[in-house]
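Heads up, entry_39.pdb below (PDB, C-alpha atoms):
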ATOM      1  CA  MET Q   1       0.000   0.000   0.000
ATOM      2  CA  HIS Q   2       1.251   3.466  -0.887
ATOM      3  CA  GLU Q   3       2.044   5.739   2.047
ATOM      4  CA  SER Q   4      -0.690   8.215   1.121
ATOM      5  CA  ALA Q   5      -3.383   5.554   0.698
ATOM      6  CA  VAL Q   6      -6.411   5.935   2.923
ATOM      7  CA  PRO Q   7      -8.854   3.029   2.716
ATOM      8  CA  ALA Q   8     -11.906   3.987   0.661
ATOM      9  CA  ASP Q   9     -14.247   2.619   3.328
ATOM     10  CA  THR Q  10     -12.858   4.908   6.032
ATOM     11  CA  PRO Q  11     -15.697   7.232   7.080
ATOM     12  CA  VAL Q  12     -15.258  10.993   6.783
ATOM     13  CA  LEU Q  13     -16.434  11.385  10.381
ATOM     14  CA  ASP Q  14     -16.277   8.842  13.160
ATOM     15  CA  MET Q  15     -19.862   9.151  14.323
ATOM     16  CA  ALA Q  16     -19.398   6.895  17.339
ATOM     17  CA  TYR Q  17     -16.531   9.080  18.557
ATOM     18  CA  LEU Q  18     -18.637  12.238  18.104
ATOM     19  CA  ASP Q  19     -21.480  10.646  20.049
ATOM     20  CA  ASP Q  20     -19.021   9.706  22.807
ATOM     21  CA  MET Q  21     -17.602  13.231  22.752
ATOM     22  CA  ARG Q  22     -21.104  14.641  23.159
ATOM     23  CA  GLY Q  23     -21.455  12.508  26.289
ATOM     24  CA  TRP Q  24     -18.078  13.649  27.640
ATOM     25  CA  VAL Q  25     -18.310  17.394  26.982
ATOM     26  CA  GLY Q  26     -22.016  18.058  26.431
ATOM     27  CA  ASP Q  27     -23.890  19.527  23.484
ATOM     28  CA  ASP Q  28     -22.817  23.141  23.971
ATOM     29  CA  VAL Q  29     -19.090  22.396  24.082
ATOM     30  CA  LEU Q  30     -19.372  20.010  21.142
ATOM     31  CA  LYS Q  31     -21.123  22.692  19.101
ATOM     32  CA  GLU Q  32     -18.317  25.137  19.916
ATOM     33  CA  LEU Q  33     -15.706  22.566  18.901
ATOM     34  CA  LEU Q  34     -17.539  21.951  15.629
ATOM     35  CA  LYS Q  35     -17.715  25.691  15.012
ATOM     36  CA  ALA Q  36     -13.962  26.136  15.640
ATOM     37  CA  ALA Q  37     -12.884  23.084  13.649
ATOM     38  CA  PRO Q  38     -13.159  24.373  10.053
ATOM     39  CA  PRO Q  39     -10.872  27.404  10.421
ATOM     40  CA  ASN Q  40      -8.426  25.442  12.598
ATOM     41  CA  LEU Q  41      -8.249  22.538  10.151
ATOM     42  CA  ALA Q  42      -7.995  24.931   7.195
ATOM     43  CA  ALA Q  43      -4.963  26.586   8.794
ATOM     44  CA  MET Q  44      -3.318  23.192   9.351
ATOM     45  CA  ILE Q  45      -3.998  22.175   5.763
ATOM     46  CA  GLU Q  46      -2.620  25.460   4.465
ATOM     47  CA  ALA Q  47       0.571  24.816   6.453
ATOM     48  CA  VAL Q  48       0.955  21.508   4.582
ATOM     49  CA  ARG Q  49       0.375  23.233   1.233
ATOM     50  CA  GLU Q  50       2.811  26.061   1.982
ATOM     51  CA  ALA Q  51       5.574  23.695   3.080
ATOM     52  CA  TRP Q  52       4.909  21.584  -0.020
ATOM     53  CA  ARG Q  53       5.211  24.667  -2.271
ATOM     54  CA  ASN Q  54       8.499  25.439  -0.543
ATOM     55  CA  GLY Q  55       9.739  21.895  -1.158
ATOM     56  CA  ASP Q  56      10.386  21.353   2.565
ATOM     57  CA  VAL Q  57       9.601  17.708   3.227
ATOM     58  CA  GLU Q  58      10.422  17.912   6.935
ATOM     59  CA  THR Q  59       8.015  20.816   7.483
ATOM     60  CA  VAL Q  60       5.394  19.005   5.382
ATOM     61  CA  ARG Q  61       5.781  16.012   7.686
ATOM     62  CA  GLU Q  62       5.492  18.178  10.818
ATOM     63  CA  ALA Q  63       2.389  19.884   9.408
ATOM     64  CA  GLY Q  64       0.961  16.458   8.582
ATOM     65  CA  HIS Q  65       1.485  15.423  12.187
ATOM     66  CA  ARG Q  66      -0.403  18.500  13.434
ATOM     67  CA  LEU Q  67      -3.173  17.852  10.905
ATOM     68  CA  LYS Q  68      -3.460  14.243  12.070
ATOM     69  CA  GLY Q  69      -3.919  15.396  15.670
ATOM     70  CA  GLY Q  70      -6.311  18.219  14.882
ATOM     71  CA  ALA Q  71      -8.467  16.096  12.599
ATOM     72  CA  SER Q  72      -8.490  13.223  15.089
ATOM     73  CA  SER Q  73      -9.621  15.502  17.895
ATOM     74  CA  ILE Q  74     -12.806  16.368  15.994
ATOM     75  CA  ALA Q  75     -13.365  12.832  14.627
ATOM     76  CA  CYS Q  76     -12.369  13.566  11.008
ATOM     77  CA  ARG Q  77     -11.096  10.047  10.344
ATOM     78  CA  ARG Q  78     -10.151  10.255   6.665
ATOM     79  CA  LEU Q  79      -8.456  13.618   7.083
ATOM     80  CA  ALA Q  80      -6.566  12.293  10.122
ATOM     81  CA  ASP Q  81      -5.473   9.206   8.191
ATOM     82  CA  LEU Q  82      -4.272  11.387   5.328
ATOM     83  CA  GLY Q  83      -2.430  13.581   7.840
ATOM     84  CA  GLN Q  84      -0.691  10.460   9.117
ATOM     85  CA  ALA Q  85       0.267   9.465   5.573
ATOM     86  CA  ILE Q  86       1.689  12.966   5.055
ATOM     87  CA  GLN Q  87       3.596  12.655   8.323
ATOM     88  CA  LEU Q  88       5.247   9.489   6.987
ATOM     89  CA  LEU Q  89       6.300  10.896   3.601
ATOM     90  CA  LYS Q  90       9.865  10.306   2.538
ATOM     91  CA  SER Q  91       9.699  12.737  -0.412
ATOM     92  CA  LEU Q  92       7.321  15.117  -2.153
ATOM     93  CA  ASP Q  93       7.132  13.020  -5.319
ATOM     94  CA  ASP Q  94       3.454  12.039  -4.966
ATOM     95  CA  ALA Q  95       1.649  14.496  -7.244
ATOM     96  CA  THR Q  96      -1.738  13.092  -6.188
ATOM     97  CA  LEU Q  97      -1.420  13.982  -2.536
ATOM     98  CA  LEU Q  98      -2.356  17.676  -2.644
ATOM     99  CA  PRO Q  99      -5.506  17.076  -4.743
ATOM    100  CA  ARG Q 100      -6.442  14.318  -2.271
ATOM    101  CA  LEU Q 101      -5.875  16.754   0.570
ATOM    102  CA  ASP Q 102      -8.155  19.276  -1.134
ATOM    103  CA  ALA Q 103     -10.863  16.639  -1.597
ATOM    104  CA  GLU Q 104     -10.599  15.421   1.991
ATOM    105  CA  GLU Q 105     -10.742  18.991   3.279
ATOM    106  CA  ARG Q 106     -13.980  19.608   1.354
ATOM    107  CA  ALA Q 107     -15.455  16.301   2.556
ATOM    108  CA  ALA Q 108     -14.526  16.979   6.182
ATOM    109  CA  MET Q 109     -15.891  20.532   6.141
ATOM    110  CA  ALA Q 110     -19.173  19.372   4.606
ATOM    111  CA  ALA Q 111     -19.500  16.518   7.108
ATOM    112  CA  ILE Q 112     -18.756  18.798  10.065
ATOM    113  CA  ALA Q 113     -21.367  21.295   8.861
ATOM    114  CA  ALA Q 114     -23.981  18.565   8.323
ATOM    115  CA  TYR Q 115     -23.284  17.018  11.722
ATOM    116  CA  GLY Q 116     -23.449  20.417  13.403
ATOM    117  CA  GLU Q 117     -26.823  21.121  11.816
ATOM    118  CA  SER Q 118     -28.184  17.779  12.991
ATOM    119  CA  ALA Q 119     -26.782  17.975  16.523
ATOM    120  CA  PRO Q 120     -29.368  18.481  19.257
ATOM    121  CA  ALA Q 121     -29.621  21.909  20.839
ATOM    122  CA  GLY Q 122     -27.822  22.214  24.168
TER
END

What would the structure in this file look like if it were written as structure tokens?
Amino acid sequence: MHESAVPADTPVLDMAYLDDMRGWVGDDVLKELLKAAPPNLAAMIEAVREAWRNGDVETVREAGHRLKGGASSIACRRLADLGQAIQLLKSLDDATLLPRLDAEERAAMAAIAAYGESAPAG
């Protein structure tokens, strides 16, 4: 399997984790986390892109590590898995990775928005 491969059956959001999180932190805190997630994740993704444009594989890997953690914390499974794959890169030769990152960002943002709209009021 290629380093950047994320299994196709990996869900965009880990719904069970979000339901657990709701139980741990409550509806109001979860809604705030969901509200903060898109700009935070977008900044992490932009850090990957910028380092990639600069040809700095080590910084790309560090940004991938941060993305993995940030995405995991809000249950964005596919984005977290892609962040892990980025963290493990040996070179920047994979021309498909940035388009995949763009697609996963769009999928995660849409899923977060949809989940936030369906979440019960606190």

Worksheet item: Could you pull the residues within 6 Å of Q:Val12, counting all atoms listed in the file, minus those fewer than 6 positions along the same chain, as an NGL selection string?
Response: :Q and (76-78)

Practice prompt. Would you kindly return, as a ChimeraX atom specification, each protein, DNA or RNA residue with an atom no farther than 12 Å from any atom of Q:Ala75, considering only C-alpha atoms and excluding same-chain residues fewer than 5 positions away?
Written response: /Q:10-22,30,33-34,37,41,67-70,80-81,108-109,111-112,115

Worksheet entry | Top pick for closest residue to Q:Asn54, considering Q:Leu92, Q:Ser72, Q:Asp27, Q:Leu82 and counting all atoms listed in the file | Q:Leu92

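In this structure, atom CA of Q:Ser118 sits 28.0 Å away from atom CA of Q:Glu46.
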
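The spacing separating atom CA of Q:Ala43 from atom CA of Q:Ala113 amounts to 17.2 Å.
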
Evaluate the PyMOL selection byres ((chain Q and resi 102) around 12) against this structure - the residues, as a CSV table (one decimal) with C-alpha atoms, in the coordinates of the input, please.
chain,number,residue,atom,x,y,z
Q,41,LEU,CA,-8.2,22.5,10.2
Q,42,ALA,CA,-8.0,24.9,7.2
Q,45,ILE,CA,-4.0,22.2,5.8
Q,46,GLU,CA,-2.6,25.5,4.5
Q,48,VAL,CA,1.0,21.5,4.6
Q,49,ARG,CA,0.4,23.2,1.2
Q,79,LEU,CA,-8.5,13.6,7.1
Q,82,LEU,CA,-4.3,11.4,5.3
Q,96,THR,CA,-1.7,13.1,-6.2
Q,97,LEU,CA,-1.4,14.0,-2.5
Q,98,LEU,CA,-2.4,17.7,-2.6
Q,99,PRO,CA,-5.5,17.1,-4.7
Q,100,ARG,CA,-6.4,14.3,-2.3
Q,101,LEU,CA,-5.9,16.8,0.6
Q,103,ALA,CA,-10.9,16.6,-1.6
Q,104,GLU,CA,-10.6,15.4,2.0
Q,105,GLU,CA,-10.7,19.0,3.3
Q,106,ARG,CA,-14.0,19.6,1.4
Q,107,ALA,CA,-15.5,16.3,2.6
Q,108,ALA,CA,-14.5,17.0,6.2
Q,109,MET,CA,-15.9,20.5,6.1

Item to complete: Might you spell out which residues the PyMOL selection byres ((chain Q and resi 60-66) around 7) would select in the displayed file, as a PyMOL selection string?
Response: chain Q and resi 44+47-48+51-52+56-59+67-70+83-84+86-89

Quick one: 3 Å padding each side, axis-aligned, all listed atoms of stretch 44-48 of chain Q - centre and edge lengths in Å to one decimal, as AutoDock Vina command-line options?
--center_x -1.5 --center_y 23.5 --center_z 6.9 --size_x 11.0 --size_y 10.0 --size_z 10.9

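Minimum distance to Q:Ser91 across Q:Ala71, Q:Gly55, Q:Gly26, Q:Pro39 (counting only C-alpha atoms) occurs at Q:Gly55.
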
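Nearest residue to Q:Lys35, choosing from Q:Glu50, Q:Glu117, Q:Asp9, Q:Asp93 and counting all atoms listed in the file: Q:Glu117.
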
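For the pair atom CA of Q:Val6 and atom CA of Q:Ala95, the separation is 15.5 Å.
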
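Proximity to Q:Ala110 was assessed for Q:Ala85, Q:Glu32, Q:Pro38, Q:Ile74 counting all atoms listed in the file; the smallest distance is recorded for Q:Pro38.
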
If I only have part of stretch 68-86 of chain Q, can you fill in N, CA, C and O atoms and write it as a PDB file, in the coordinates of the input?
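Wrote selection-v5.pdb, looks like this:
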ATOM      1  N   LYS Q  68      -2.968  15.527  11.546  1.00  0.00           N
ATOM      2  CA  LYS Q  68      -3.460  14.243  12.070  1.00  0.00           C
ATOM      3  C   LYS Q  68      -4.084  14.447  13.450  1.00  0.00           C
ATOM      4  O   LYS Q  68      -5.188  13.974  13.721  1.00  0.00           O
ATOM      5  N   GLY Q  69      -3.402  15.163  14.324  1.00  0.00           N
ATOM      6  CA  GLY Q  69      -3.919  15.396  15.670  1.00  0.00           C
ATOM      7  C   GLY Q  69      -5.168  16.250  15.683  1.00  0.00           C
ATOM      8  O   GLY Q  69      -6.137  15.933  16.378  1.00  0.00           O
ATOM      9  N   GLY Q  70      -5.147  17.332  14.914  1.00  0.00           N
ATOM     10  CA  GLY Q  70      -6.311  18.219  14.882  1.00  0.00           C
ATOM     11  C   GLY Q  70      -7.536  17.530  14.307  1.00  0.00           C
ATOM     12  O   GLY Q  70      -8.643  17.660  14.842  1.00  0.00           O
ATOM     13  N   ALA Q  71      -7.347  16.796  13.225  1.00  0.00           N
ATOM     14  CA  ALA Q  71      -8.467  16.096  12.599  1.00  0.00           C
ATOM     15  C   ALA Q  71      -8.982  14.985  13.512  1.00  0.00           C
ATOM     16  O   ALA Q  71     -10.202  14.780  13.621  1.00  0.00           O
ATOM     17  N   SER Q  72      -8.079  14.286  14.165  1.00  0.00           N
ATOM     18  CA  SER Q  72      -8.490  13.223  15.089  1.00  0.00           C
ATOM     19  C   SER Q  72      -9.318  13.771  16.242  1.00  0.00           C
ATOM     20  O   SER Q  72     -10.287  13.146  16.673  1.00  0.00           O
ATOM     21  N   SER Q  73      -8.939  14.942  16.731  1.00  0.00           N
ATOM     22  CA  SER Q  73      -9.621  15.502  17.895  1.00  0.00           C
ATOM     23  C   SER Q  73     -11.074  15.848  17.616  1.00  0.00           C
ATOM     24  O   SER Q  73     -11.877  15.921  18.546  1.00  0.00           O
ATOM     25  N   ILE Q  74     -11.428  16.045  16.347  1.00  0.00           N
ATOM     26  CA  ILE Q  74     -12.806  16.368  15.994  1.00  0.00           C
ATOM     27  C   ILE Q  74     -13.428  15.249  15.163  1.00  0.00           C
ATOM     28  O   ILE Q  74     -14.429  15.436  14.488  1.00  0.00           O
ATOM     29  N   ALA Q  75     -12.821  14.051  15.220  1.00  0.00           N
ATOM     30  CA  ALA Q  75     -13.365  12.832  14.627  1.00  0.00           C
ATOM     31  C   ALA Q  75     -13.349  12.802  13.102  1.00  0.00           C
ATOM     32  O   ALA Q  75     -14.097  12.050  12.495  1.00  0.00           O
ATOM     33  N   CYS Q  76     -12.497  13.591  12.473  1.00  0.00           N
ATOM     34  CA  CYS Q  76     -12.369  13.566  11.008  1.00  0.00           C
ATOM     35  C   CYS Q  76     -11.400  12.448  10.631  1.00  0.00           C
ATOM     36  O   CYS Q  76     -10.199  12.666  10.458  1.00  0.00           O
ATOM     37  N   ARG Q  77     -11.933  11.244  10.511  1.00  0.00           N
ATOM     38  CA  ARG Q  77     -11.096  10.047  10.344  1.00  0.00           C
ATOM     39  C   ARG Q  77     -10.274  10.059   9.067  1.00  0.00           C
ATOM     40  O   ARG Q  77      -9.085   9.796   9.107  1.00  0.00           O
ATOM     41  N   ARG Q  78     -10.910  10.312   7.923  1.00  0.00           N
ATOM     42  CA  ARG Q  78     -10.151  10.255   6.665  1.00  0.00           C
ATOM     43  C   ARG Q  78      -9.099  11.339   6.607  1.00  0.00           C
ATOM     44  O   ARG Q  78      -7.983  11.113   6.153  1.00  0.00           O
ATOM     45  N   LEU Q  79      -9.427  12.527   7.077  1.00  0.00           N
ATOM     46  CA  LEU Q  79      -8.456  13.618   7.083  1.00  0.00           C
ATOM     47  C   LEU Q  79      -7.306  13.302   8.038  1.00  0.00           C
ATOM     48  O   LEU Q  79      -6.144  13.561   7.735  1.00  0.00           O
ATOM     49  N   ALA Q  80      -7.613  12.697   9.176  1.00  0.00           N
ATOM     50  CA  ALA Q  80      -6.566  12.293  10.122  1.00  0.00           C
ATOM     51  C   ALA Q  80      -5.663  11.221   9.512  1.00  0.00           C
ATOM     52  O   ALA Q  80      -4.436  11.280   9.652  1.00  0.00           O
ATOM     53  N   ASP Q  81      -6.267  10.256   8.829  1.00  0.00           N
ATOM     54  CA  ASP Q  81      -5.473   9.206   8.191  1.00  0.00           C
ATOM     55  C   ASP Q  81      -4.573   9.787   7.103  1.00  0.00           C
ATOM     56  O   ASP Q  81      -3.415   9.382   6.968  1.00  0.00           O
ATOM     57  N   LEU Q  82      -5.094  10.744   6.352  1.00  0.00           N
ATOM     58  CA  LEU Q  82      -4.272  11.387   5.328  1.00  0.00           C
ATOM     59  C   LEU Q  82      -3.161  12.205   5.986  1.00  0.00           C
ATOM     60  O   LEU Q  82      -2.026  12.217   5.505  1.00  0.00           O
ATOM     61  N   GLY Q  83      -3.465  12.864   7.101  1.00  0.00           N
ATOM     62  CA  GLY Q  83      -2.430  13.581   7.840  1.00  0.00           C
ATOM     63  C   GLY Q  83      -1.322  12.641   8.285  1.00  0.00           C
ATOM     64  O   GLY Q  83      -0.137  12.977   8.215  1.00  0.00           O
ATOM     65  N   GLN Q  84      -1.694  11.437   8.718  1.00  0.00           N
ATOM     66  CA  GLN Q  84      -0.691  10.460   9.117  1.00  0.00           C
ATOM     67  C   GLN Q  84       0.152  10.035   7.914  1.00  0.00           C
ATOM     68  O   GLN Q  84       1.377   9.911   8.028  1.00  0.00           O
ATOM     69  N   ALA Q  85      -0.487   9.827   6.777  1.00  0.00           N
ATOM     70  CA  ALA Q  85       0.267   9.465   5.573  1.00  0.00           C
ATOM     71  C   ALA Q  85       1.245  10.573   5.195  1.00  0.00           C
ATOM     72  O   ALA Q  85       2.387  10.299   4.820  1.00  0.00           O
ATOM     73  N   ILE Q  86       0.815  11.820   5.341  1.00  0.00           N
ATOM     74  CA  ILE Q  86       1.689  12.966   5.055  1.00  0.00           C
ATOM     75  C   ILE Q  86       2.853  12.973   6.043  1.00  0.00           C
ATOM     76  O   ILE Q  86       3.998  13.220   5.671  1.00  0.00           O
TER      77      ILE Q  86
END
